[in-house]
Structures are given as C-alpha cells and as structure tokens.
file input09.txt (compact mmCIF, C-alpha atoms)
# COMPACT_ATOMS: atom_id res chain seq x y z
CA MET L 1 97.74 16.70 105.55
CA ARG L 2 97.00 17.67 101.95
CA GLU L 3 94.67 20.60 101.40
CA ARG L 4 93.61 22.79 98.47
CA ILE L 5 91.66 20.04 96.73
CA LYS L 6 90.56 22.26 93.80
CA PHE L 7 94.10 23.43 93.21
CA GLU L 8 95.44 19.87 93.35
CA THR L 9 92.79 18.80 90.86
CA ALA L 10 93.71 21.66 88.52
CA LEU L 11 97.41 20.77 88.68
CA LEU L 12 96.60 17.14 87.96
CA GLN L 13 94.45 18.11 84.99
CA LEU L 14 97.20 20.39 83.67
CA HIS L 15 99.68 17.53 83.96
CA GLU L 16 97.33 15.26 82.02
CA GLU L 17 96.82 17.84 79.29
CA VAL L 18 100.56 18.25 78.79
CA ALA L 19 101.00 14.45 78.77
CA GLN L 20 98.24 14.22 76.14
CA MET L 21 99.95 16.88 74.03
CA ILE L 22 103.22 14.92 74.17
CA ALA L 23 101.29 11.85 72.95
CA ASP L 24 99.61 13.84 70.14
CA VAL L 25 102.88 15.31 68.84
CA SER L 26 104.59 11.96 69.19
CA ALA L 27 101.85 10.38 67.05
CA GLN L 28 102.51 13.02 64.36
CA TYR L 29 106.14 11.84 64.20
CA VAL L 30 105.15 8.19 63.84
CA GLN L 31 102.96 9.26 60.93
CA ILE L 32 105.44 11.61 59.28
CA ARG L 33 108.02 8.83 59.36
CA LYS L 34 105.64 6.70 57.33
CA ALA L 35 104.68 9.54 55.00
CA LEU L 36 108.32 10.38 54.33
CA PHE L 37 109.30 6.76 53.72
CA GLU L 38 106.50 6.25 51.24
CA MET L 39 106.40 9.86 49.99
CA ASP L 40 102.68 9.73 50.72
CA ARG L 41 101.17 13.13 49.85
CA THR L 42 97.70 12.35 51.14
CA LEU L 43 99.08 11.41 54.53
CA ALA L 44 101.28 14.54 54.49
CA GLU L 45 98.23 16.71 53.86
CA SER L 46 96.32 15.08 56.70
CA LEU L 47 99.25 15.77 59.06
CA ILE L 48 99.21 19.47 58.16
CA ALA L 49 95.49 19.51 58.90
CA LYS L 50 96.09 18.02 62.34
CA ASP L 51 98.57 20.72 63.30
CA GLU L 52 95.85 23.26 64.08
CA ALA L 53 94.55 21.04 66.88
CA ILE L 54 98.05 20.99 68.38
CA ASN L 55 98.33 24.80 68.17
CA GLN L 56 94.96 25.00 69.87
CA LYS L 57 96.16 22.65 72.60
CA GLU L 58 99.09 24.95 73.33
CA ARG L 59 96.78 27.97 73.59
CA SER L 60 94.43 26.11 75.90
CA ILE L 61 97.32 25.03 78.18
CA ASN L 62 98.52 28.65 78.32
CA GLU L 63 95.03 29.87 79.23
CA PHE L 64 94.73 27.18 81.88
CA VAL L 65 98.08 28.18 83.41
CA ILE L 66 97.06 31.85 83.48
CA SER L 67 93.81 31.00 85.25
CA ILE L 68 95.69 28.88 87.83
CA ILE L 69 98.14 31.73 88.48
CA ILE L 70 95.27 34.19 88.96
CA LYS L 71 93.24 31.96 91.24
CA GLU L 72 95.84 30.06 93.21
CA SER L 73 99.02 32.21 93.30
CA PRO L 74 101.26 29.15 93.04
CA VAL L 75 104.74 29.23 94.58
CA ALA L 76 107.73 26.87 94.81
CA SER L 77 107.07 23.42 93.27
CA ASP L 78 103.52 24.44 92.25
CA LEU L 79 104.89 27.46 90.40
CA ARG L 80 107.46 25.27 88.67
CA ALA L 81 104.69 22.87 87.65
CA VAL L 82 102.66 25.57 85.90
CA ILE L 83 105.64 27.39 84.37
CA THR L 84 107.11 24.18 82.95
CA ALA L 85 103.71 23.11 81.60
CA MET L 86 103.67 26.32 79.57
CA LYS L 87 107.28 25.94 78.44
CA ILE L 88 106.83 22.28 77.44
CA ALA L 89 103.64 23.13 75.50
CA SER L 90 105.57 25.82 73.63
CA ASP L 91 108.39 23.39 72.75
CA LEU L 92 105.85 20.79 71.63
CA GLU L 93 104.05 23.28 69.41
CA ARG L 94 107.35 24.08 67.72
CA ILE L 95 108.23 20.38 67.35
CA ALA L 96 104.85 19.83 65.68
CA ASP L 97 105.54 22.68 63.22
CA TYR L 98 108.45 20.68 61.83
CA VAL L 99 106.00 17.95 60.83
CA CYS L 100 104.22 20.57 58.69
CA ASN L 101 107.49 21.65 57.08
CA ILE L 102 108.38 18.07 56.24
CA SER L 103 104.85 17.42 54.97
CA LYS L 104 105.24 20.34 52.58
CA TYR L 105 108.49 18.82 51.35
CA ILE L 106 106.65 15.58 50.61
CA ILE L 107 103.85 17.41 48.80
CA HIS L 108 106.22 19.48 46.66
CA THR L 109 108.67 16.76 45.75
CA LYS L 110 107.57 15.61 42.33
CA VAL L 111 110.33 13.16 41.44
CA LYS L 112 111.08 9.92 43.19
CA THR L 113 114.13 10.26 45.44
CA ASP L 114 116.28 7.58 47.01
CA LEU L 115 116.65 9.39 50.30
CA GLU L 116 113.93 7.60 52.28
CA ASN L 117 116.33 5.25 54.06
CA MET L 118 118.54 8.14 55.08
CA PHE L 119 115.54 10.04 56.46
CA ASP L 120 114.37 6.96 58.27
CA THR L 121 117.59 6.66 60.29
CA PHE L 122 116.67 9.90 62.08
CA PHE L 123 113.45 8.44 63.37
CA GLU L 124 115.04 5.63 65.39
CA PRO L 125 116.50 7.99 68.03
CA LEU L 126 113.69 10.55 67.62
CA ILE L 127 110.79 8.18 68.29
CA SER L 128 112.67 6.67 71.23
CA MET L 129 113.24 10.19 72.62
CA PHE L 130 109.50 10.87 72.42
CA GLU L 131 108.71 7.66 74.29
CA ARG L 132 111.20 8.45 77.02
CA ILE L 133 110.06 12.07 77.35
CA ALA L 134 106.47 10.90 77.74
CA GLN L 135 107.48 8.40 80.41
CA ALA L 136 109.83 10.81 82.20
CA TYR L 137 107.10 13.46 82.37
CA ALA L 138 104.40 11.03 83.50
CA GLU L 139 106.55 9.30 86.11
CA GLU L 140 108.54 12.36 87.27
CA ASN L 141 111.69 10.49 86.26
CA VAL L 142 114.64 12.88 86.12
CA GLU L 143 117.16 10.17 85.17
CA LEU L 144 115.12 9.21 82.13
CA ALA L 145 114.82 12.86 81.12
CA LEU L 146 118.61 13.12 81.20
CA GLU L 147 118.92 10.07 78.94
CA VAL L 148 116.81 11.85 76.32
CA ALA L 149 119.34 14.65 76.22
CA HIS L 150 122.10 12.13 75.55
CA GLN L 151 120.13 10.59 72.72
CA ASP L 152 119.99 13.99 71.10
CA GLU L 153 123.74 13.73 70.55
CA GLU L 154 123.06 10.68 68.39
CA LEU L 155 120.67 12.76 66.33
CA ASP L 156 123.22 15.57 66.01
CA ASP L 157 125.87 13.12 64.79
CA LEU L 158 123.47 11.74 62.20
CA PHE L 159 122.75 15.26 61.05
CA ASP L 160 126.43 16.23 60.70
CA LEU L 161 127.17 13.04 58.79
CA ASN L 162 124.29 13.45 56.35
CA VAL L 163 124.83 17.17 55.81
CA LYS L 164 128.28 16.33 54.47
CA SER L 165 126.95 13.60 52.24
CA LEU L 166 124.14 15.80 50.86
CA ILE L 167 126.58 18.63 50.15
CA ASN L 168 128.79 16.22 48.25
CA THR L 169 125.77 15.01 46.29
CA ALA L 170 124.93 18.60 45.41
CA LYS L 171 128.47 19.22 44.21
CA ASP L 172 128.84 16.07 42.13
CA TYR L 173 125.57 15.88 40.31
CA ASN L 174 123.37 17.87 37.98
CA ASP L 175 120.94 20.66 38.89
CA SER L 176 117.96 18.52 39.76
CA LYS L 177 120.03 16.35 42.11
CA ALA L 178 121.50 19.46 43.70
CA GLU L 179 118.03 20.87 44.31
CA GLU L 180 116.89 17.59 45.75
CA ALA L 181 119.85 17.56 48.14
CA ALA L 182 119.23 21.15 49.20
CA ARG L 183 115.59 20.41 49.96
CA ALA L 184 116.50 17.25 51.83
CA LEU L 185 118.83 19.35 53.99
CA PHE L 186 115.79 21.25 55.26
CA VAL L 187 114.11 18.00 56.19
CA ILE L 188 116.99 16.70 58.27
CA LYS L 189 117.56 20.14 59.80
CA ASN L 190 113.94 20.05 60.99
CA LEU L 191 114.40 16.59 62.46
CA GLU L 192 117.56 17.70 64.20
CA ARG L 193 115.77 20.77 65.62
CA ALA L 194 112.95 18.53 66.92
CA GLY L 195 115.63 16.74 68.96
CA ASP L 196 116.84 20.07 70.37
CA HIS L 197 113.34 20.95 71.54
CA LEU L 198 112.92 17.51 73.09
CA THR L 199 116.14 18.25 74.97
CA ASN L 200 114.59 21.51 76.17
CA ILE L 201 111.71 19.45 77.52
CA SER L 202 114.22 17.24 79.37
CA GLU L 203 115.64 20.39 80.95
CA SER L 204 112.13 21.48 81.94
CA ILE L 205 111.49 18.12 83.61
CA VAL L 206 114.75 18.41 85.55
CA PHE L 207 113.83 21.97 86.61
CA LEU L 208 110.36 20.85 87.63
CA HIS L 209 111.64 18.23 90.04
CA LYS L 210 115.07 19.52 91.10
CA ALA L 211 114.49 23.31 91.00
CA LYS L 212 117.75 23.56 89.07
CA ARG L 213 118.31 25.09 85.66
CA ILE L 214 120.65 22.96 83.62
CA THR L 215 121.69 23.15 80.00
CA LEU L 216 121.88 19.78 78.34
CA ASN L 217 123.70 19.38 75.07
CA MET K 1 102.30 43.70 130.18
CA ASN K 2 103.36 40.17 131.04
CA ASP K 3 104.78 41.61 134.28
CA LEU K 4 101.20 41.95 135.55
CA ILE K 5 100.46 38.25 135.15
CA PRO K 6 101.93 36.32 138.11
CA GLU K 7 102.01 32.89 136.44
CA CYS K 8 103.58 34.20 133.20
CA LYS K 9 106.82 32.40 132.42
CA ILE K 10 109.33 33.51 129.81
CA SER K 11 112.10 31.36 128.44
CA GLY K 12 114.79 32.06 125.88
CA ASP K 13 116.46 35.35 125.02
CA ILE K 14 115.64 38.19 122.70
CA LEU K 15 118.91 39.79 121.76
CA PHE K 16 119.09 43.35 120.51
CA GLU K 17 122.58 44.64 119.77
CA ASP K 18 123.96 41.61 121.63
CA GLN K 19 122.06 42.48 124.83
CA ASN K 20 119.37 40.21 126.21
CA SER K 21 116.25 42.34 126.51
CA TYR K 22 114.88 39.97 129.16
CA ALA K 23 117.81 40.64 131.49
CA LYS K 24 116.74 42.21 134.81
CA ASP K 25 118.92 45.29 134.49
CA TYR K 26 117.98 45.93 130.87
CA ASP K 27 116.58 49.43 130.22
CA VAL K 28 113.28 48.71 128.46
CA ILE K 29 112.40 52.42 128.20
CA GLU K 30 115.53 52.95 126.15
CA LEU K 31 114.71 49.80 124.13
CA ARG K 32 111.30 51.26 123.24
CA THR K 33 112.94 54.32 121.70
CA LYS K 34 115.01 52.06 119.46
CA ILE K 35 112.30 49.62 118.43
CA GLY K 36 109.00 50.99 117.13
CA MET K 37 105.86 48.92 116.90
CA VAL K 38 102.90 48.97 114.54
CA PHE K 39 99.95 46.69 115.31
CA GLN K 40 97.45 44.74 113.29
CA LYS K 41 94.56 47.08 113.97
CA PRO K 42 95.38 50.77 113.61
CA ASN K 43 95.49 52.17 117.14
CA PRO K 44 95.99 55.93 117.02
CA PHE K 45 95.76 57.61 120.43
CA PRO K 46 92.44 59.42 120.98
CA MET K 47 94.00 62.81 120.36
CA SER K 48 94.89 65.07 117.42
CA ILE K 49 97.02 63.87 114.52
CA TYR K 50 99.72 66.29 115.65
CA ASP K 51 99.71 65.06 119.24
CA ASN K 52 99.84 61.43 118.15
CA ILE K 53 103.17 62.05 116.43
CA ALA K 54 104.51 64.46 119.06
CA TYR K 55 103.64 62.13 121.95
CA GLY K 56 106.85 60.09 121.90
CA PRO K 57 109.29 62.99 121.45
CA ARG K 58 107.47 64.92 124.24
CA CYS K 59 107.88 61.93 126.56
CA GLN K 60 111.58 62.01 125.68
CA GLY K 61 111.68 65.65 126.82
CA VAL K 62 111.41 67.56 123.57
CA LYS K 63 109.54 70.78 124.47
CA ASP K 64 110.54 73.22 121.73
CA LYS K 65 107.51 73.97 119.52
CA ASN K 66 109.57 74.48 116.35
CA GLN K 67 111.44 71.25 116.90
CA LEU K 68 108.18 69.36 117.50
CA ASP K 69 106.61 70.92 114.39
CA GLN K 70 109.57 69.76 112.42
CA ILE K 71 109.44 66.19 113.78
CA VAL K 72 105.69 65.97 113.06
CA GLU K 73 106.08 67.23 109.50
CA GLU K 74 109.08 65.02 108.76
CA SER K 75 107.46 61.91 110.22
CA LEU K 76 104.19 62.44 108.35
CA LYS K 77 106.10 63.04 105.13
CA ARG K 78 108.08 59.84 105.60
CA ALA K 79 104.83 58.01 106.27
CA ALA K 80 103.39 59.42 103.00
CA LEU K 81 100.55 61.07 104.88
CA TRP K 82 101.60 64.74 105.08
CA ASP K 83 99.81 65.95 101.93
CA GLU K 84 96.56 64.38 103.07
CA VAL K 85 96.54 65.80 106.61
CA LYS K 86 98.71 68.94 106.66
CA ASP K 87 95.65 71.23 106.85
CA ARG K 88 93.95 69.24 109.62
CA LEU K 89 96.72 68.41 112.07
CA LYS K 90 94.58 69.51 115.00
CA GLU K 91 91.74 67.17 114.11
CA SER K 92 91.34 63.88 115.88
CA ALA K 93 93.32 61.01 114.36
CA MET K 94 90.28 58.83 115.03
CA LYS K 95 88.43 60.56 112.17
CA LEU K 96 90.87 59.30 109.55
CA SER K 97 90.29 56.24 107.36
CA GLY K 98 91.79 52.88 108.39
CA GLY K 99 94.70 53.18 105.96
CA GLN K 100 95.41 56.76 107.10
CA GLN K 101 95.23 55.74 110.76
CA GLN K 102 97.78 53.00 110.10
CA ARG K 103 100.09 55.55 108.49
CA VAL K 104 99.66 57.78 111.59
CA CYS K 105 100.85 54.79 113.63
CA ILE K 106 103.83 54.33 111.33
CA ALA K 107 104.61 58.08 111.52
CA ARG K 108 104.35 57.85 115.32
CA ALA K 109 106.90 55.04 115.30
CA ILE K 110 109.23 56.91 112.93
CA ALA K 111 109.07 60.09 115.09
CA MET K 112 111.25 58.31 117.66
CA GLU K 113 113.95 57.68 115.05
CA PRO K 114 114.00 53.96 115.91
CA GLU K 115 116.47 51.46 114.52
CA VAL K 116 113.94 48.71 114.10
CA ILE K 117 110.22 48.84 113.34
CA LEU K 118 108.15 45.78 114.21
CA MET K 119 104.94 45.42 112.25
CA ASP K 120 102.43 42.81 113.28
CA GLU K 121 100.09 42.14 110.34
CA PRO K 122 100.02 45.87 109.50
CA THR K 123 97.65 45.54 106.54
CA SER K 124 95.33 42.74 107.61
CA ALA K 125 92.57 45.22 108.52
CA LEU K 126 92.98 47.31 105.35
CA ASP K 127 91.46 47.24 101.85
CA PRO K 128 93.70 46.43 98.83
CA ILE K 129 94.43 50.07 97.93
CA ALA K 130 95.36 51.04 101.50
CA THR K 131 97.42 47.83 101.68
CA GLN K 132 99.25 48.83 98.51
CA ARG K 133 100.11 52.24 100.03
CA ILE K 134 101.44 50.68 103.22
CA GLU K 135 103.49 48.18 101.22
CA ASP K 136 104.96 51.00 99.10
CA LEU K 137 105.75 52.83 102.31
CA ILE K 138 107.46 49.77 103.83
CA THR K 139 109.52 49.32 100.65
CA ASP K 140 110.62 52.94 100.95
CA LEU K 141 111.26 52.88 104.72
CA LYS K 142 113.33 49.69 104.61
CA LYS K 143 116.17 51.70 103.09
CA ASP K 144 116.62 53.46 106.45
CA TYR K 145 115.15 51.12 109.03
CA THR K 146 115.24 47.42 109.76
CA ILE K 147 111.64 46.34 109.41
CA ILE K 148 110.40 43.05 110.82
CA ILE K 149 106.94 42.24 109.60
CA VAL K 150 104.70 39.40 110.67
CA THR K 151 102.31 38.51 107.89
CA HIS K 152 100.00 35.65 107.04
CA SER K 153 99.91 36.77 103.44
CA MET K 154 102.48 34.72 101.52
CA GLN K 155 102.15 37.14 98.61
CA GLN K 156 102.93 40.09 100.84
CA ALA K 157 106.01 38.39 102.25
CA ALA K 158 107.18 37.54 98.73
CA ARG K 159 106.53 41.10 97.50
CA ILE K 160 108.10 43.29 100.12
CA SER K 161 110.66 41.39 102.18
CA ASP K 162 114.34 40.73 101.54
CA TYR K 163 114.52 37.80 103.94
CA THR K 164 111.77 35.45 105.02
CA ALA K 165 111.70 33.31 108.13
CA PHE K 166 109.22 30.49 108.64
CA PHE K 167 108.20 29.86 112.25
CA TYR K 168 106.10 26.94 113.36
CA LEU K 169 104.72 26.70 116.91
CA GLY K 170 107.25 29.22 118.14
CA GLU K 171 110.26 27.62 116.55
CA LEU K 172 112.28 29.03 113.68
CA LYS K 173 112.20 26.36 110.98
CA GLU K 174 113.88 28.02 108.04
CA MET K 175 115.18 31.44 107.10
CA ASP K 176 116.69 32.52 103.83
CA GLU K 177 116.53 35.16 101.13
CA THR K 178 112.89 35.64 100.19
CA ASP K 179 113.50 34.46 96.63
CA VAL K 180 114.94 31.17 97.86
CA ILE K 181 112.08 30.56 100.31
CA PHE K 182 109.42 31.07 97.64
CA LYS K 183 111.22 29.34 94.76
CA SER K 184 112.79 26.32 96.39
CA PRO K 185 112.79 26.16 100.18
CA LYS K 186 115.07 23.58 101.74
CA LEU K 187 112.56 22.00 104.12
CA LYS K 188 109.49 20.11 103.00
CA GLN K 189 107.60 21.62 105.94
CA THR K 190 108.31 25.12 104.63
CA GLU K 191 107.26 24.09 101.12
CA ASP K 192 104.02 22.57 102.42
CA TYR K 193 103.27 25.74 104.37
CA ILE K 194 103.94 28.28 101.62
CA THR K 195 102.07 26.20 99.05
CA GLY K 196 99.09 26.06 101.42
CA ARG K 197 99.19 22.30 101.96
CA PHE K 198 99.40 22.61 105.71
CA GLY K 199 98.00 25.14 108.09

call {"tool": "encode", "arguments": {"input": "input09.txt", "output": "structure tokens"}}
result
Amino acid sequence: MRERIKFETALLQLHEEVAQMIADVSAQYVQIRKALFEMDRTLAESLIAKDEAINQKERSINEFVISIIIKESPVASDLRAVITAMKIASDLERIADYVCNISKYIIHTKVKTDLENMFDTFFEPLISMFERIAQAYAEENVELALEVAHQDEELDDLFDLNVKSLINTAKDYNDSKAEEAARALFVIKNLERAGDHLTNISESIVFLHKAKRITLN
Amino acid sequence: MNDLIPECKISGDILFEDQNSYAKDYDVIELRTKIGMVFQKPNPFPMSIYDNIAYGPRCQGVKDKNQLDQIVEESLKRAALWDEVKDRLKESAMKLSGGQQQRVCIARAIAMEPEVILMDEPTSALDPIATQRIEDLITDLKKDYTIIIVTHSMQQAARISDYTAFFYLGELKEMDETDVIFKSPKLKQTEDYITGRFG
C-alpha cells in the first residue's frame, strides 16, 4: 500500500526538476563546445546570459527541498532523495559556472588560435558523461553512474597530457604564444573540473540508491 | 490486571535479568520496584504532590519524615519539577498542568529508584513545549536509567532514543541503532513504516 500522495507527488516533481537542470546544463556544454570551436563571441555572450536561469534553478530546488523537509519530515530513502537533489543541484550550478569562464575566454581572445581541436577532444568524454548522468539519474541506474566516474579518468588523462604540451608551448615561443597557452590552461582546467563535479553527481546517485557513501576517482 | 480475566491467555516470556516475569513463583511486587511505568495520559493519584511521590517509598516501609522529604525533593529535582512546585507540595497534584502532572508521574517512578522506566506514549497528550520538557528530561534520565519508550512519533524516536525497535502486530521486525533505523533500515517493511507508506 502506498500512501502520502502529496509527498510522493512532491518527490516526483523534485526529481523532474533536477532532471531538467541536468538537461539545461548539458545543453550549455553542447553550445560551449560549438562556441569554442568557432570562437563565436555572440554565442559565448548568450551562454553567459543563460547562466542566471541555471542559478535560479538551483535556488528554487533548494527552496523546494526546504519546504519538503518542513512539511514531510522525510527519513531514510526519502531523506536521501531530497538531500541528493540539493547536492546535485549545487554541483550542476558549479558545472554551469565553468561555461561562463570559458565564454569569457572566448570573448577576450582577440587573436585566432589553433587550439580548437585540442579543446574539442575534451568534449567527447564530457558530453557522453552528461548523457549517462542524465540517464542514470532518470532510471535510477547505479551501474551507469559508476561508468561516468570511470570516464572522468579519461578526462583527467587528457588534461595531464595537454597541460604538458601547453607548458612546452609557453616555454618555446614568444610572449603572445605564452599568454595564449596560459589562458588555454584555464579553459582545460575548467573542463577537467566539470568532470570532477559530474563524478560527484555519480557518487550522489550511488548514495541515493545504495545508502552508501563512496568516493569515486 | 489480566489475572482478573478468566479467558486471558499469555504466551511467550518477558525476561528481566534472565528471569521470566511470567513464571508462577516470580515476585511481581519486587519487579514493580525495579521497573517504573509512566502512561500515555498523566495519571497522578488524587492526593497532594508530596504524597504522590512518597506513596511508593511508604509502601516499601519508609516511615522517617526526613528520609521521605529527601526522596520527594530529590525525585522532583530529577524530574525537573522541583522549582515549580516546591512551595505547593501539599496542594493536589490534580491542579497541575498536563505537562507538570506527567513530570509528577515520572518523579513518582524515579522515587522507587527503579532500574528500568517504561514510558507508553508519555507525550502524546501534551503540547509541544511540555513535550520538549519531557524529552529533555528523558535525555537526562537515560544516563542513569534504562528507558523503554513506546512512541508513534517517528521524530521523537529519532530524537531521543539510542536504539529503535520496530514491532508489527506484536512481532519484533527489526532493531538497531536509531541512526541506522532512520537512515537505512535493513527491511523494506521497516522503511515503508518509518517513511509513512504503510500504517
């Protein structure tokens, strides 16, 4: 027998809002990939503008969770559902901030660089991680969540490899090349950090369904 | 009281200090000095506050006025009621508020220096502030006494108990540290009950 219809409805709505936020942030990454590849300033500006809606989404999820806690005193799996919703929203908000940082890089880079292919390699694992996180959250799929954490290692390897190459570029070339390499380092650091936060979300999904805290990667 | 009902049948054992309290030769009078009881609805005796507390010790043969005074004061202090009633000990306990009456009942139980105090829904008839005082009192008393509390308030169980047991239709289903029961119980039935999915 299932009771507490209002509570069930609220939990379902919360789940949908978090799923929607994953989709919104994911869409920002599809767009920033394009903006970075084409060094499209107009697109970069529009992505910064969209960030406020994502911040607002996080606040609204937090408010919703607080109201559920006040009204329904959730425990056990219900408590994990509301706590992880809040934690995932916070990770997503941070992941979305990186899109703003990278957008600013695009806007402030005046000269044409030849780094777009290097940047693009980061998006293969990253976009796939987003897709899997979305599916793992929607379908309560712990195995899939764990796969996301493994993919993050791929992203970390890419980062280590390209840090070395950018440092070498900075050493070997003139001032403007060195500056370009230094600024590009920030971009890939942001992409690497996005992967770390997606891994946090994997951990939250595991905690939600298994009641176990694990540290992945 | 079940002794008065001819068709009453009892099965199973209730062990206290390894002795079955249902055994024929078991001394229930002695048992009652070791296990105190506090009920859902405050039930002070229709007598003064002082006499409520002194009743048990008197039955046990304590006659000395000084000793009784001391027991009454100590018990009321432990029940966090002394400051409120010390100037009106001779007044009827029935005149006190619900929360105060319940603390008289707790003081009455403590006066016997029991080892265990059973509390059956001790705050269900009280307002939130009186409930808070009783819960604070239980938290304090559990340092010295084993307290077994029956409650239908999940929040109360989570707040004040160290261990929680879930019973369903007279059977113990699951018992564990309170944190474990409310974070991740082992049985789905327990989870469904504490999350309010099943009554």

call {"tool": "residues_near_point", "arguments": {"input": "input09.txt", "point": "(114.5, 9.6, 83.6)", "cutoff": "12 Å", "atoms": "only C-alpha atoms", "output": "PyMOL selection string"}}
result
chain L and resi 129+131-150+201-203+205-206+209

call {"tool": "residues_around", "arguments": {"input": "input09.txt", "residues": "stretch 123-136 of chain K", "least_positions_apart": "6", "cutoff": "7 Å", "atoms": "all atoms listed in the file", "output": "short mmCIF file (atom, residue, chain, number, x, y, z; two decimals) with C-alpha atoms, in the frame of the given file"}}
result
data_model
loop_
_atom_site.label_atom_id
_atom_site.label_comp_id
_atom_site.auth_asym_id
_atom_site.auth_seq_id
_atom_site.Cartn_x
_atom_site.Cartn_y
_atom_site.Cartn_z
CA GLN K 40 97.45 44.74 113.29
CA LYS K 41 94.56 47.08 113.97
CA GLY K 98 91.79 52.88 108.39
CA GLY K 99 94.70 53.18 105.96
CA ILE K 160 108.10 43.29 100.12
#

call {"tool": "interface_residues", "arguments": {"input": "input09.txt", "of": "chain L", "to": "chain K", "cutoff": "10 Å", "atoms": "all atoms listed in the file", "output": "list of chain:residue names"}}
result
L:Met1, L:Arg2, L:Glu3, L:Arg4, L:Ile5, L:Phe7, L:Glu8, L:Glu72, L:Ser73, L:Pro74, L:Val75, L:Ala76, L:Ser77, L:Asp78, L:Leu79, L:Arg80, L:Lys210, L:Ala211, L:Lys212

call {"tool": "atom_distance", "arguments": {"input": "input09.txt", "atom1": "atom CA of K:Arg58", "atom2": "atom CA of K:Ala111"}}
result
10.5 Å

call {"tool": "residues_near_point", "arguments": {"input": "input09.txt", "point": "(121.3, 12.0, 65.8)", "cutoff": "12 Å", "atoms": "only C-alpha atoms", "output": "ChimeraX atom specification"}}
result
/L:118-129,148-163,188-196

call {"tool": "atom_distance", "arguments": {"input": "input09.txt", "atom1": "atom CA of K:Met119", "atom2": "atom CA of K:Leu137"}}
result
12.4 Å

call {"tool": "closest_residue", "arguments": {"input": "input09.txt", "among": "L:Leu198, L:Leu216, L:Ile54, L:Leu36", "to": "L:Lys112", "atoms": "all atoms listed in the file"}}
result
L:Leu36

call {"tool": "atom_distance", "arguments": {"input": "input09.txt", "atom1": "atom CA of K:Pro42", "atom2": "atom CA of K:Lys95"}}
result
12.1 Å

call {"tool": "residues_around", "arguments": {"input": "input09.txt", "residues": "stretch 19-35 of chain K", "least_positions_apart": "4", "cutoff": "7 Å", "atoms": "only C-alpha atoms", "output": "PyMOL selection string"}}
result
chain K and resi 13-15+112+114-117

call {"tool": "closest_residue", "arguments": {"input": "input09.txt", "among": "L:Ala170, L:Ile107, L:Cys100, L:Ile22", "to": "L:Lys57", "atoms": "all atoms listed in the file"}}
result
L:Ile22

call {"tool": "residues_around", "arguments": {"input": "input09.txt", "residues": "stretch 61-69 of chain K", "least_positions_apart": "6", "cutoff": "12 Å", "atoms": "only C-alpha atoms", "output": "list in words"}}
result
Ile49, Tyr50, Asp51, Asn52, Ile53, Ala54, Tyr55, Ser75, Leu76, Lys86, Leu89, Ala111 and Met112 of chain K

call {"tool": "axis_aligned_box", "arguments": {"input": "input09.txt", "around": "stretch 143-150 of chain L", "padding_each_side": "6 Å", "output": "lines of an AutoDock Vina configuration file"}}
result
center_x = 118.5
center_y = 11.9
center_z = 80.4
size_x = 19.3
size_y = 17.4
size_z = 21.6

call {"tool": "residues_around", "arguments": {"input": "input09.txt", "residues": "L:Ser67", "least_positions_apart": "3", "cutoff": "12 Å", "atoms": "all atoms listed in the file", "output": "list in words"}}
result
Phe7, Ala10, Leu11, Leu14, Ser60, Ile61, Asn62, Glu63, Phe64, Ile70, Lys71, Glu72, Ser73, Pro74 and Val82 of chain L

call {"tool": "residues_around", "arguments": {"input": "input09.txt", "residues": "K:Asp140", "least_positions_apart": "6", "cutoff": "12 Å", "atoms": "all atoms listed in the file", "output": "PDB file with C-alpha atoms, in the frame of the given file"}}
result
ATOM      1  CA  LYS K  77     106.100  63.040 105.130  1.00  0.00           C
ATOM      2  CA  ARG K  78     108.080  59.840 105.600  1.00  0.00           C
ATOM      3  CA  ALA K  79     104.830  58.010 106.270  1.00  0.00           C
ATOM      4  CA  ALA K  80     103.390  59.420 103.000  1.00  0.00           C
ATOM      5  CA  ARG K 133     100.110  52.240 100.030  1.00  0.00           C
ATOM      6  CA  ILE K 134     101.440  50.680 103.220  1.00  0.00           C
ATOM      7  CA  THR K 146     115.240  47.420 109.760  1.00  0.00           C
ATOM      8  CA  ILE K 147     111.640  46.340 109.410  1.00  0.00           C
ATOM      9  CA  ILE K 160     108.100  43.290 100.120  1.00  0.00           C
ATOM     10  CA  SER K 161     110.660  41.390 102.180  1.00  0.00           C
TER      11      SER K 161
END
